[in-house]
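Enquirer: For reference, this is start_8.pdb, and it has PDB, C-alpha atoms.
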```pdb
MODEL        1
ATOM      1  CA  MET A1080       0.000   0.000   0.000  1.00  0.00           C
ATOM      2  CA  LYS A1081       1.385   3.404  -0.932  1.00  0.00           C
ATOM      3  CA  PHE A1082       2.104   6.043   1.688  1.00  0.00           C
ATOM      4  CA  LYS A1083      -0.735   8.367   0.579  1.00  0.00           C
ATOM      5  CA  ASN A1084      -3.209   5.496   0.937  1.00  0.00           C
ATOM      6  CA  ILE A1085      -2.025   4.765   4.473  1.00  0.00           C
ATOM      7  CA  ILE A1086      -2.548   8.431   5.331  1.00  0.00           C
ATOM      8  CA  ALA A1087      -6.039   8.322   3.780  1.00  0.00           C
ATOM      9  CA  LEU A1088      -6.977   5.286   5.854  1.00  0.00           C
ATOM     10  CA  SER A1089      -5.564   6.940   8.976  1.00  0.00           C
ATOM     11  CA  LEU A1090      -7.741   9.978   8.369  1.00  0.00           C
ATOM     12  CA  LEU A1091     -10.790   7.758   8.610  1.00  0.00           C
ATOM     13  CA  GLY A1092     -10.057   7.024  12.229  1.00  0.00           C
ATOM     14  CA  ILE A1093      -9.316  10.655  13.048  1.00  0.00           C
ATOM     15  CA  CYS A1094     -12.027  12.443  11.057  1.00  0.00           C
ATOM     16  CA  GLY A1095     -14.755   9.828  10.982  1.00  0.00           C
ATOM     17  CA  GLY A1096     -15.536  10.801   7.399  1.00  0.00           C
ATOM     18  CA  THR A1097     -15.206   9.400   3.916  1.00  0.00           C
ATOM     19  CA  VAL A1098     -11.898   9.308   2.074  1.00  0.00           C
ATOM     20  CA  THR A1099     -11.576   8.723  -1.654  1.00  0.00           C
ATOM     21  CA  THR A1100      -8.275   7.718  -3.196  1.00  0.00           C
ATOM     22  CA  SER A1101      -7.044   6.224  -6.429  1.00  0.00           C
ATOM     23  CA  LEU A1102      -4.947   3.060  -6.739  1.00  0.00           C
ATOM     24  CA  ALA A1103      -3.728   2.015 -10.190  1.00  0.00           C
ATOM     25  CA  ASN A1104      -6.625   3.842 -11.914  1.00  0.00           C
ATOM     26  CA  ASN A1105      -9.196   2.155  -9.636  1.00  0.00           C
ATOM     27  CA  ASN A1106     -11.207   4.406  -7.340  1.00  0.00           C
ATOM     28  CA  TYR A1107     -11.858   3.201  -3.812  1.00  0.00           C
ATOM     29  CA  VAL A1108     -14.087   4.829  -1.241  1.00  0.00           C
ATOM     30  CA  TYR A1109     -13.521   4.065   2.423  1.00  0.00           C
ATOM     31  CA  ALA A1110     -16.413   5.065   4.663  1.00  0.00           C
ATOM     32  CA  ALA A1111     -16.259   5.203   8.421  1.00  0.00           C
ATOM     33  CA  SER A1112     -19.228   3.929  10.373  1.00  0.00           C
ATOM     34  CA  THR A1113     -21.505   6.581  11.892  1.00  0.00           C
ATOM     35  CA  ASN A1114     -24.689   6.559  13.940  1.00  0.00           C
ATOM     36  CA  ASP A1115     -26.590   7.165  10.687  1.00  0.00           C
ATOM     37  CA  ASP A1116     -25.569   3.650   9.640  1.00  0.00           C
ATOM     38  CA  TYR A1117     -27.931   2.297  12.318  1.00  0.00           C
ATOM     39  CA  PRO A1118     -31.354   3.925  11.940  1.00  0.00           C
ATOM     40  CA  ASP A1119     -33.820   3.406  14.776  1.00  0.00           C
ATOM     41  CA  ILE A1120     -35.764   0.186  14.183  1.00  0.00           C
ATOM     42  CA  THR A1121     -39.046   1.979  14.949  1.00  0.00           C
ATOM     43  CA  SER A1122     -38.458   4.324  11.986  1.00  0.00           C
ATOM     44  CA  LYS A1123     -38.264   1.338   9.607  1.00  0.00           C
ATOM     45  CA  PHE A1124     -40.610  -1.246  11.128  1.00  0.00           C
ATOM     46  CA  ASP A1125     -43.710  -1.620  13.270  1.00  0.00           C
ATOM     47  CA  VAL A1126     -41.988  -3.469  16.123  1.00  0.00           C
ATOM     48  CA  ASN A1127     -45.378  -4.486  17.557  1.00  0.00           C
ATOM     49  CA  ASN A1128     -46.143  -6.553  14.449  1.00  0.00           C
ATOM     50  CA  MET A1129     -42.967  -7.836  12.803  1.00  0.00           C
ATOM     51  CA  ASN A1130     -44.873 -10.772  11.262  1.00  0.00           C
ATOM     52  CA  GLN A1131     -46.257  -8.446   8.584  1.00  0.00           C
ATOM     53  CA  TYR A1132     -42.847  -8.140   6.902  1.00  0.00           C
ATOM     54  CA  ASP A1133     -41.390 -10.485   4.311  1.00  0.00           C
ATOM     55  CA  ASP A1134     -38.183 -12.271   5.224  1.00  0.00           C
ATOM     56  CA  SER A1135     -36.383 -10.275   2.527  1.00  0.00           C
ATOM     57  CA  ASP A1136     -37.215  -7.037   4.434  1.00  0.00           C
ATOM     58  CA  LEU A1137     -35.513  -8.295   7.575  1.00  0.00           C
ATOM     59  CA  PHE A1138     -31.902  -7.868   6.479  1.00  0.00           C
ATOM     60  CA  THR A1139     -30.895  -4.341   7.395  1.00  0.00           C
ATOM     61  CA  ASP A1140     -28.832  -2.310   9.875  1.00  0.00           C
ATOM     62  CA  VAL A1141     -30.802  -1.000  12.856  1.00  0.00           C
ATOM     63  CA  SER A1142     -30.470   0.531  16.283  1.00  0.00           C
ATOM     64  CA  ILE A1143     -32.714  -1.184  18.830  1.00  0.00           C
ATOM     65  CA  LYS A1144     -33.191   1.118  21.806  1.00  0.00           C
ATOM     66  CA  LYS A1145     -34.288   0.059  25.279  1.00  0.00           C
ATOM     67  CA  PHE A1146     -35.858  -3.286  24.501  1.00  0.00           C
ATOM     68  CA  TYR A1147     -36.293  -5.697  27.424  1.00  0.00           C
ATOM     69  CA  VAL A1148     -34.367  -8.879  28.139  1.00  0.00           C
ATOM     70  CA  GLN A1149     -36.804 -11.788  28.593  1.00  0.00           C
ATOM     71  CA  SER A1150     -34.449 -14.755  28.894  1.00  0.00           C
ATOM     72  CA  ILE A1151     -30.709 -15.505  28.846  1.00  0.00           C
ATOM     73  CA  SER A1152     -28.715 -18.625  28.078  1.00  0.00           C
ATOM     74  CA  TYR A1153     -24.944 -19.115  28.470  1.00  0.00           C
ATOM     75  CA  ASP A1154     -22.661 -21.625  26.809  1.00  0.00           C
ATOM     76  CA  LYS A1155     -19.220 -23.008  27.671  1.00  0.00           C
ATOM     77  CA  HIS A1156     -17.576 -20.247  25.612  1.00  0.00           C
ATOM     78  CA  HIS A1157     -19.269 -17.565  27.729  1.00  0.00           C
ATOM     79  CA  ASN A1158     -21.539 -16.501  24.874  1.00  0.00           C
ATOM     80  CA  GLU A1159     -24.828 -15.010  26.027  1.00  0.00           C
ATOM     81  CA  ARG A1160     -27.906 -15.928  24.011  1.00  0.00           C
ATOM     82  CA  ILE A1161     -30.597 -13.368  24.671  1.00  0.00           C
ATOM     83  CA  ILE A1162     -34.303 -13.255  23.918  1.00  0.00           C
ATOM     84  CA  PHE A1163     -35.636  -9.715  24.141  1.00  0.00           C
ATOM     85  CA  THR A1164     -38.825  -7.795  23.309  1.00  0.00           C
ATOM     86  CA  ASN A1165     -39.821  -4.186  22.650  1.00  0.00           C
ATOM     87  CA  THR A1166     -41.972  -4.036  25.811  1.00  0.00           C
ATOM     88  CA  PRO A1167     -41.911  -6.198  28.933  1.00  0.00           C
ATOM     89  CA  GLU A1168     -45.258  -7.788  27.959  1.00  0.00           C
ATOM     90  CA  SER A1169     -44.656  -8.241  24.206  1.00  0.00           C
ATOM     91  CA  THR A1170     -44.619 -11.583  22.395  1.00  0.00           C
ATOM     92  CA  ASN A1171     -42.668 -10.177  19.426  1.00  0.00           C
ATOM     93  CA  TYR A1172     -39.343 -11.863  20.170  1.00  0.00           C
ATOM     94  CA  TYR A1173     -35.850 -10.924  19.061  1.00  0.00           C
ATOM     95  CA  PHE A1174     -32.807 -13.154  19.478  1.00  0.00           C
ATOM     96  CA  THR A1175     -29.102 -12.308  19.605  1.00  0.00           C
ATOM     97  CA  VAL A1176     -25.821 -13.801  20.746  1.00  0.00           C
ATOM     98  CA  LEU A1177     -23.198 -11.703  22.518  1.00  0.00           C
ATOM     99  CA  GLN A1178     -19.833 -13.235  21.707  1.00  0.00           C
ATOM    100  CA  GLY A1179     -17.495 -14.485  24.398  1.00  0.00           C
ATOM    101  CA  ARG A1180     -15.877 -12.151  26.868  1.00  0.00           C
ATOM    102  CA  GLU A1181     -15.935  -9.122  24.564  1.00  0.00           C
ATOM    103  CA  HIS A1182     -18.481  -7.475  26.837  1.00  0.00           C
ATOM    104  CA  LYS A1183     -18.029  -6.540  30.471  1.00  0.00           C
ATOM    105  CA  LYS A1184     -21.586  -5.809  31.568  1.00  0.00           C
ATOM    106  CA  ARG A1185     -23.522  -8.748  32.954  1.00  0.00           C
ATOM    107  CA  ILE A1186     -27.059  -8.760  31.605  1.00  0.00           C
ATOM    108  CA  ALA A1187     -30.069  -9.795  33.673  1.00  0.00           C
ATOM    109  CA  VAL A1188     -33.673 -10.653  32.816  1.00  0.00           C
ATOM    110  CA  GLY A1189     -35.774  -7.484  32.839  1.00  0.00           C
ATOM    111  CA  ASP A1190     -32.849  -5.197  31.954  1.00  0.00           C
ATOM    112  CA  PRO A1191     -33.353  -2.718  29.130  1.00  0.00           C
ATOM    113  CA  ILE A1192     -30.833  -3.263  26.319  1.00  0.00           C
ATOM    114  CA  THR A1193     -29.802  -1.104  23.380  1.00  0.00           C
ATOM    115  CA  ILE A1194     -28.243  -2.852  20.383  1.00  0.00           C
ATOM    116  CA  LYS A1195     -26.681  -1.649  17.148  1.00  0.00           C
ATOM    117  CA  GLY A1196     -26.509  -4.360  14.537  1.00  0.00           C
ATOM    118  CA  GLN A1197     -28.197  -6.063  11.625  1.00  0.00           C
ATOM    119  CA  LEU A1198     -31.517  -7.819  11.421  1.00  0.00           C
ATOM    120  CA  ASN A1199     -30.820 -11.249   9.972  1.00  0.00           C
ATOM    121  CA  GLY A1200     -34.201 -12.764   9.167  1.00  0.00           C
ATOM    122  CA  ARG A1201     -36.383 -15.032  11.294  1.00  0.00           C
ATOM    123  CA  LEU A1202     -35.587 -18.117  13.280  1.00  0.00           C
ATOM    124  CA  GLU A1203     -37.394 -20.588  15.494  1.00  0.00           C
ATOM    125  CA  ILE A1204     -36.011 -20.818  19.018  1.00  0.00           C
ATOM    126  CA  GLU A1205     -34.984 -24.418  19.484  1.00  0.00           C
ATOM    127  CA  LYS A1206     -33.817 -26.195  22.585  1.00  0.00           C
ATOM    128  CA  THR A1207     -30.348 -26.677  21.094  1.00  0.00           C
ATOM    129  CA  GLN A1208     -29.988 -22.935  20.372  1.00  0.00           C
ATOM    130  CA  ALA A1209     -31.026 -22.109  23.892  1.00  0.00           C
ATOM    131  CA  ASN A1210     -28.602 -24.636  25.360  1.00  0.00           C
ATOM    132  CA  SER A1211     -31.432 -25.819  27.612  1.00  0.00           C
ATOM    133  CA  TRP A1212     -31.401 -22.639  29.721  1.00  0.00           C
ATOM    134  CA  PHE A1213     -34.312 -20.715  28.218  1.00  0.00           C
ATOM    135  CA  ALA A1214     -37.720 -21.236  29.789  1.00  0.00           C
ATOM    136  CA  LYS A1215     -39.742 -23.868  27.951  1.00  0.00           C
ATOM    137  CA  LYS A1216     -42.311 -21.249  26.961  1.00  0.00           C
ATOM    138  CA  TYR A1217     -39.820 -19.887  24.384  1.00  0.00           C
ATOM    139  CA  PHE A1218     -39.160 -23.193  22.596  1.00  0.00           C
ATOM    140  CA  GLY A1219     -40.726 -23.201  19.147  1.00  0.00           C
ATOM    141  CA  LYS A1220     -41.405 -19.448  19.171  1.00  0.00           C
ATOM    142  CA  ASN A1221     -40.422 -17.361  16.167  1.00  0.00           C
ATOM    143  CA  ALA A1222     -37.943 -14.548  16.690  1.00  0.00           C
ATOM    144  CA  ILE A1223     -36.129 -11.949  14.641  1.00  0.00           C
ATOM    145  CA  MET A1224     -32.395 -12.715  14.570  1.00  0.00           C
ATOM    146  CA  VAL A1225     -30.133  -9.752  15.336  1.00  0.00           C
ATOM    147  CA  LEU A1226     -26.385  -9.794  14.662  1.00  0.00           C
ATOM    148  CA  THR A1227     -25.005  -7.486  17.344  1.00  0.00           C
ATOM    149  CA  ASP A1228     -22.207  -5.044  16.539  1.00  0.00           C
ATOM    150  CA  SER A1229     -22.425  -3.203  19.866  1.00  0.00           C
ATOM    151  CA  TYR A1230     -24.723  -2.965  22.838  1.00  0.00           C
ATOM    152  CA  LYS A1231     -25.248  -1.224  26.146  1.00  0.00           C
TER     153      LYS A1231
ENDMDL
END
```
For the structure just supplied, provide its representation as structure tokens.
Expert:
Amino acid sequence: MKFKNIIALSLLGICGGTVTTSLANNNYVYAASTNDDYPDITSKFDVNNMNQYDDSDLFTDVSIKKFYVQSISYDKHHNERIIFTNTPESTNYYFTVLQGREHKKRIAVGDPITIKGQLNGRLEIEKTQANSWFAKKYFGKNAIMVLTDSYK
């Protein structure tokens, strides 16, 4: 990589903007991630009725703000599998896995959680996915899969 391209990539981290450069007559655009990359899920979907959307609609970046943890499962690799909903009483389930020890905050049932990530279609919560720790009432339920980039 040429020196000017290294500088351009370094500017991404400092400025948080977009840098365009040319390498051997090929144009490349490097874009830094911003909050605009994760629009609020409620601006794109009716979170009270996610069943109305086709599976093809459920592959997009979103920010999920203050949803409620309903159930948690842990595996031997310290991954946390979480079922969460938009309100404490909702039956519109979402499912995510927080990878390993990358996170420091311990999550508890009832906690509000905010996630930035990608919707990744639907899944059925199976006993094997839950690692036998989810309450039986969740087995066989449909959920929206979320690939988590960050959370708090």
Enquirer: Specify as a PyMOL selection string each residue included when the PyMOL selection byres ((chain A and resi 1159) around 6) is applied to this file.
Expert: chain A and resi 1152-1153+1158+1160+1176-1177
Enquirer: If the PyMOL selection byres ((chain A and resi 1191) around 12) is run on the structure shown, which residues does it catch, given as a compact mmCIF listing (two decimals) with C-alpha atoms, keeping the file's coordinate frame?
Expert:
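The resulting file, selection_32.txt, is reproduced below:
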```
# COMPACT_ATOMS: atom_id res chain seq x y z
CA ILE A 1143 -32.71 -1.18 18.83
CA LYS A 1144 -33.19 1.12 21.81
CA LYS A 1145 -34.29 0.06 25.28
CA PHE A 1146 -35.86 -3.29 24.50
CA TYR A 1147 -36.29 -5.70 27.42
CA VAL A 1148 -34.37 -8.88 28.14
CA GLN A 1149 -36.80 -11.79 28.59
CA ILE A 1161 -30.60 -13.37 24.67
CA ILE A 1162 -34.30 -13.26 23.92
CA PHE A 1163 -35.64 -9.72 24.14
CA THR A 1164 -38.83 -7.80 23.31
CA ASN A 1165 -39.82 -4.19 22.65
CA THR A 1166 -41.97 -4.04 25.81
CA PRO A 1167 -41.91 -6.20 28.93
CA ILE A 1186 -27.06 -8.76 31.60
CA ALA A 1187 -30.07 -9.80 33.67
CA VAL A 1188 -33.67 -10.65 32.82
CA GLY A 1189 -35.77 -7.48 32.84
CA ASP A 1190 -32.85 -5.20 31.95
CA ILE A 1192 -30.83 -3.26 26.32
CA THR A 1193 -29.80 -1.10 23.38
CA ILE A 1194 -28.24 -2.85 20.38
CA TYR A 1230 -24.72 -2.96 22.84
CA LYS A 1231 -25.25 -1.22 26.15
```
Enquirer: In Å, how far is it from atom CA of A:Gly1200 to atom CA of A:Glu1168?
Expert: 22.4 Å
Enquirer: Just to confirm, what's the straight-line distance from atom CA of A:Tyr1132 to atom CA of A:Ala1214 in Å (one decimal)?
Expert: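 Between atom CA of A:Tyr1132 and atom CA of A:Ala1214 the gap works out to 26.9 Å.
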Enquirer: Can you translate the PyMOL selection byres ((chain A and resi 1171) around 8) into the concrete residues it hits in this file, as a PyMOL selection string?
Expert: chain A and resi 1126-1129+1164-1165+1169-1170+1172-1173+1222
Enquirer: Do you have the atom CA of A:Asp1154-atom CA of A:Asn1199 distance handy?
Expert: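 Answer for the atom CA of A:Asp1154 to atom CA of A:Asn1199 separation: 21.4 Å.
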Enquirer: Please determine, counting all atoms listed in the file, which residue among A:Leu1198, A:Leu1137, A:Ser1150, A:Lys1155 has the shortest atom-to-atom distance to A:Lys1216.
Expert: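 Smallest separation from A:Lys1216 among the options: A:Ser1150.
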Enquirer: Taking the point (-36.9, -25.5, 22.0) as given in the file, collect each protein or nucleic acid residue that comes within 7 Å of it, counting only C-alpha atoms, and present the set as a list in words.
Expert: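 Residues with an atom close enough to that point: Ile1204, Glu1205, Lys1206, Thr1207, Lys1215, Tyr1217, Phe1218 and Gly1219 of chain A.
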Enquirer: Restricting it to C-alpha atoms, dump the selection as a PDB file, in the frame of the given file.
Expert:
```
ATOM      1  CA  ILE A1204     -36.011 -20.818  19.018  1.00  0.00           C
ATOM      2  CA  GLU A1205     -34.984 -24.418  19.484  1.00  0.00           C
ATOM      3  CA  LYS A1206     -33.817 -26.195  22.585  1.00  0.00           C
ATOM      4  CA  THR A1207     -30.348 -26.677  21.094  1.00  0.00           C
ATOM      5  CA  LYS A1215     -39.742 -23.868  27.951  1.00  0.00           C
ATOM      6  CA  TYR A1217     -39.820 -19.887  24.384  1.00  0.00           C
ATOM      7  CA  PHE A1218     -39.160 -23.193  22.596  1.00  0.00           C
ATOM      8  CA  GLY A1219     -40.726 -23.201  19.147  1.00  0.00           C
TER       9      GLY A1219
END
```
Enquirer: So, with only C-alpha atoms as the atoms that count, which of A:Asp1140, A:Phe1213, A:Ser1135, A:Ser1229 lies closest to A:Lys1123?
Expert: A:Asp1140
Enquirer: A:Lys1195, A:His1157, A:Lys1220, A:Arg1201: which is nearest A:Asp1119, counting all atoms listed in the file?
Expert: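 For A:Asp1119, the nearest of the candidates is A:Lys1195.
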Enquirer: Mind dumping stretch 1161-1175 of chain A from that block, keeping C-alpha atoms, as a PDB file, in the first residue's frame?
Expert:
```pdb
ATOM      1  CA  ILE A1161     -30.597 -13.368  24.671  1.00  0.00           C
ATOM      2  CA  ILE A1162     -34.303 -13.255  23.918  1.00  0.00           C
ATOM      3  CA  PHE A1163     -35.636  -9.715  24.141  1.00  0.00           C
ATOM      4  CA  THR A1164     -38.825  -7.795  23.309  1.00  0.00           C
ATOM      5  CA  ASN A1165     -39.821  -4.186  22.650  1.00  0.00           C
ATOM      6  CA  THR A1166     -41.972  -4.036  25.811  1.00  0.00           C
ATOM      7  CA  PRO A1167     -41.911  -6.198  28.933  1.00  0.00           C
ATOM      8  CA  GLU A1168     -45.258  -7.788  27.959  1.00  0.00           C
ATOM      9  CA  SER A1169     -44.656  -8.241  24.206  1.00  0.00           C
ATOM     10  CA  THR A1170     -44.619 -11.583  22.395  1.00  0.00           C
ATOM     11  CA  ASN A1171     -42.668 -10.177  19.426  1.00  0.00           C
ATOM     12  CA  TYR A1172     -39.343 -11.863  20.170  1.00  0.00           C
ATOM     13  CA  TYR A1173     -35.850 -10.924  19.061  1.00  0.00           C
ATOM     14  CA  PHE A1174     -32.807 -13.154  19.478  1.00  0.00           C
ATOM     15  CA  THR A1175     -29.102 -12.308  19.605  1.00  0.00           C
TER      16      THR A1175
END
```
